[in-house]
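Worksheet: one structure, shown below.
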Amino acid sequence: MTKPDLSDNQTIPAFATKFPAPERKRLFISVKTGAKERLELVKWAAENKYDALVFSLGDKCFSAGGFGGGSEYAKLAKQHNFIIEAGGRDFSLLLPKRLFLFHRDLFRMEHGKRKSNHHFCPTNPETTSRIKKRARHLFSRVMAGVTVPRVFHLLPDEGHENTWCACPACRAFNYSEQNLITVNSAADALASIDPNARLSFFDYEMEPEAETGAEPEGRWFPPAGIEARENMFRLAVSSEQ
Ligand SMILES: [Zn+2]
């Protein structure tokens with residue numbers, strides 16, 4: 001069988017650095033992928049020896065209080081004993097864009113103006129408090145459908161990994177740190193629901209200079225002054241087109 005179109009889906013290997021990662025070959029399945037295409041992807045993942053299928057925290061496959069709601073692709077995934085994980089490029093679910101109208105300070109600043117697209121202002125305590133609450137709701141919703149021991153992922157918007165807040169308070173933190181502040185808040189929420197669950201965060205140390213296309217010196221990124229929570233692990237992200 002030929003490889004299905006993966007343009008909306010990503011294959012992401014685990015990569016452990018400081019935090020040991022659950023070693024799994026994962027296929028991230030986009031929320032936009034239809035049921036028929038999902039069935040093809042599950043077949044393809046089985047033939048290519050994938051371990052885990054990852055669905056968005058907002059995916060309908062979790063809405064039945066379990067996984068799949070009796071769909072064909074879910075049945076096939078169960079037959080092949082796929083591990084089900086949740087999350088991915090889900091930052092936009094953490095802070096609803098409708099808040100922008102009355103709560104601009106929660107959002108990202110660029111050239112002195114607040115912007116509702118991509119991420120938010122993570123040093124505003126109101127932002128992290130809302131993210132924590134929202135993450136708790138999102139994790140709880142999918143809990144029953146995720147394979148135990150549970151693994152979740154929260155990765156920045158694709159292609160905008162370096163699009164973060166430039167407000168006076170956030171300027172003290174690089175984008176790796178701003179990302180960590182955000183995921184840490186969600187990790188606190190996760191630990192309060194399931195202390196054994198793990199949450200991945202985007203591995204900025206593996207990211208080449210996407211903006212300029214230039215190879216960074218020694219692929220080194222200044223160490224973040226912010227520490228990741230103990231229930232988190234780094235994930236190297238590679239997009240397969
Ligand atoms: Zn800010």
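By order in the structure tokens, chains are A, B, ...; within a chain, residues start at 1; ligands start at 1, following the order shown.
Identified as lying at most 9 Å from ligand 1 when counting only C-alpha atoms and all ligand atoms are the residues A:Asp105, A:Leu106, A:Phe107, A:Arg108, A:Met109, A:Phe120, A:Cys121, A:Pro122, A:Thr123, A:Asn124, A:Trp164, A:Cys165, A:Ala166, A:Cys167, A:Pro168, A:Ala169, A:Cys170, A:Arg171, A:Gln178.
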Please, could you write that set of residues out with N, CA and C atoms as a PDB file, in the first residue's frame?
ATOM      1  N   ASP A 105      -5.138  42.226  26.917  1.00  0.00           N
ATOM      2  CA  ASP A 105      -3.881  42.039  27.639  1.00  0.00           C
ATOM      3  C   ASP A 105      -3.468  40.584  27.767  1.00  0.00           C
ATOM      4  N   LEU A 106      -4.424  39.668  27.507  1.00  0.00           N
ATOM      5  CA  LEU A 106      -4.096  38.244  27.580  1.00  0.00           C
ATOM      6  C   LEU A 106      -3.314  37.800  26.352  1.00  0.00           C
ATOM      7  N   PHE A 107      -3.367  38.624  25.307  1.00  0.00           N
ATOM      8  CA  PHE A 107      -2.826  38.196  24.018  1.00  0.00           C
ATOM      9  C   PHE A 107      -1.445  38.783  23.716  1.00  0.00           C
ATOM     10  N   ARG A 108      -0.848  38.241  22.690  1.00  0.00           N
ATOM     11  CA  ARG A 108       0.518  38.525  22.298  1.00  0.00           C
ATOM     12  C   ARG A 108       0.675  39.966  21.792  1.00  0.00           C
ATOM     13  N   MET A 109       1.788  40.586  22.155  1.00  0.00           N
ATOM     14  CA  MET A 109       2.071  41.929  21.648  1.00  0.00           C
ATOM     15  C   MET A 109       3.133  41.860  20.558  1.00  0.00           C
ATOM     16  N   PHE A 120      -0.096  33.772  22.982  1.00  0.00           N
ATOM     17  CA  PHE A 120      -0.681  34.766  23.885  1.00  0.00           C
ATOM     18  C   PHE A 120       0.420  35.450  24.692  1.00  0.00           C
ATOM     19  N   CYS A 121       0.044  36.171  25.745  1.00  0.00           N
ATOM     20  CA  CYS A 121       1.017  36.861  26.595  1.00  0.00           C
ATOM     21  C   CYS A 121       1.203  36.006  27.857  1.00  0.00           C
ATOM     22  N   PRO A 122       2.236  35.156  27.893  1.00  0.00           N
ATOM     23  CA  PRO A 122       2.326  34.173  28.982  1.00  0.00           C
ATOM     24  C   PRO A 122       2.757  34.744  30.333  1.00  0.00           C
ATOM     25  N   THR A 123       3.290  35.961  30.373  1.00  0.00           N
ATOM     26  CA  THR A 123       3.708  36.494  31.676  1.00  0.00           C
ATOM     27  C   THR A 123       2.562  37.202  32.397  1.00  0.00           C
ATOM     28  N   ASN A 124       1.440  37.358  31.732  1.00  0.00           N
ATOM     29  CA  ASN A 124       0.254  37.908  32.401  1.00  0.00           C
ATOM     30  C   ASN A 124      -0.344  36.785  33.260  1.00  0.00           C
ATOM     31  N   TRP A 164       6.110  34.843  19.477  1.00  0.00           N
ATOM     32  CA  TRP A 164       5.678  34.975  20.866  1.00  0.00           C
ATOM     33  C   TRP A 164       5.510  36.433  21.246  1.00  0.00           C
ATOM     34  N   CYS A 165       5.272  36.670  22.525  1.00  0.00           N
ATOM     35  CA  CYS A 165       4.893  38.007  22.971  1.00  0.00           C
ATOM     36  C   CYS A 165       6.099  38.939  23.171  1.00  0.00           C
ATOM     37  N   ALA A 166       5.944  40.179  22.735  1.00  0.00           N
ATOM     38  CA  ALA A 166       7.007  41.169  22.890  1.00  0.00           C
ATOM     39  C   ALA A 166       6.555  42.329  23.774  1.00  0.00           C
ATOM     40  N   CYS A 167       5.665  42.048  24.727  1.00  0.00           N
ATOM     41  CA  CYS A 167       5.265  43.106  25.666  1.00  0.00           C
ATOM     42  C   CYS A 167       6.442  43.350  26.622  1.00  0.00           C
ATOM     43  N   PRO A 168       6.460  44.479  27.338  1.00  0.00           N
ATOM     44  CA  PRO A 168       7.621  44.770  28.188  1.00  0.00           C
ATOM     45  C   PRO A 168       7.975  43.635  29.169  1.00  0.00           C
ATOM     46  N   ALA A 169       6.977  42.980  29.748  1.00  0.00           N
ATOM     47  CA  ALA A 169       7.254  41.899  30.703  1.00  0.00           C
ATOM     48  C   ALA A 169       7.773  40.644  30.011  1.00  0.00           C
ATOM     49  N   CYS A 170       7.215  40.324  28.859  1.00  0.00           N
ATOM     50  CA  CYS A 170       7.605  39.099  28.146  1.00  0.00           C
ATOM     51  C   CYS A 170       8.969  39.220  27.476  1.00  0.00           C
ATOM     52  N   ARG A 171       9.388  40.442  27.196  1.00  0.00           N
ATOM     53  CA  ARG A 171      10.661  40.647  26.511  1.00  0.00           C
ATOM     54  C   ARG A 171      11.848  40.044  27.284  1.00  0.00           C
ATOM     55  N   GLN A 178       8.976  31.370  26.991  1.00  0.00           N
ATOM     56  CA  GLN A 178       7.550  31.720  26.956  1.00  0.00           C
ATOM     57  C   GLN A 178       6.704  30.472  26.705  1.00  0.00           C
TER      58      GLN A 178
END
Checklist entry - DSSP on the backbone: what in range 121-176 of chain A comes out strand (DSSP E), as a PyMOL selection string? => result chain A and resi 151-154
Could you dump the residues just selected with N, CA and C atoms as a short mmCIF file (atom, residue, chain, number, x, y, z; two decimals), in the first residue's frame?
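The result, written out as part_32.cif:
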data_model
loop_
_atom_site.label_atom_id
_atom_site.label_comp_id
_atom_site.auth_asym_id
_atom_site.auth_seq_id
_atom_site.Cartn_x
_atom_site.Cartn_y
_atom_site.Cartn_z
N VAL A 151 -0.33 9.90 27.82
CA VAL A 151 0.63 10.86 27.28
C VAL A 151 -0.12 11.93 26.50
N PHE A 152 0.25 13.17 26.78
CA PHE A 152 -0.38 14.32 26.11
C PHE A 152 0.71 15.19 25.47
N HIS A 153 0.28 16.04 24.56
CA HIS A 153 1.23 16.92 23.87
C HIS A 153 0.64 18.32 23.75
N LEU A 154 1.47 19.33 23.98
CA LEU A 154 1.04 20.71 23.73
C LEU A 154 2.17 21.42 22.98
#
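The space separating CA of Phe102 in chain A from CA of Glu126 in chain A comes to 13.2 Å.
Counting only C-alpha atoms, the residue from A:Asn179, A:Ser63, A:Thr147, A:Ser129 that sits nearest to Asn81 in chain A is A:Thr147.
You will find CA of Arg130 in chain A at 9.9 Å from CA of Pro96 in chain A.
One finds CA of Leu99 in chain A at 12.4 Å from CA of Ile131 in chain A.
Closest approach to Arg24 in chain A among A:Ala52, A:His111, A:Trp44, A:Gly88 is made by A:Ala52 (distances from only C-alpha atoms).
With only C-alpha atoms as the atoms that count, the minimum distance from Leu95 in chain A to the choices A:Ser140, A:Ser200, A:Gly70, A:Thr182 is reached by A:Thr182.
Closest approach to Arg98 in chain A among A:Ser116, A:Leu41, A:Ser71, A:Glu110 is made by A:Ser116 (distances from only C-alpha atoms).
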Next on the checklist: Run DSSP on the backbone and tell me which residues of range 163-196 of chain A come out as helix (DSSP H, G or I); list them as a PyMOL selection string.
Outcome noted: chain A and resi 170-172+175-193
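The shortest atom-to-atom distance to Asn117 in chain A, with only C-alpha atoms taken into account, belongs to A:His160 out of A:Arg229, A:Pro149, A:Lys133, A:His160.
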Item to check | Lys49 in chain A environment, 10 Å, only C-alpha atoms, sequence neighbours closer than 4 positions dropped, as a list in words | outcome: Lys25, Arg26, Trp44, Ala45 and Phe82 of chain A
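Distances from A:Asp59, A:Asp203, A:Glu85, A:Asp188 to Lys32 in chain A were compared using only C-alpha atoms, and the smallest one belongs to A:Asp59.
The residue set within 10 Å of Ala74 in chain A, counting only C-alpha atoms and dropping same-chain residues fewer than 2 places from it, reads Ala35, Arg38, Leu39, Val42, Cys61, Phe67, Gly68, Gly69, Gly70, Ser71, Glu72, Leu76, Ala77, Lys78, Gln79, His80, Phe82 and Ile84 of chain A.
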Checklist entry - Any idea what's packed within 12 Å of range 191-197 of chain A, counting only C-alpha atoms, ignoring anything in its chain fewer than 2 positions away? Could you give it as a ChimeraX atom specification? => result /A:21-22,85-86,132-133,135-144,146-153,184-189,199-200,229-233
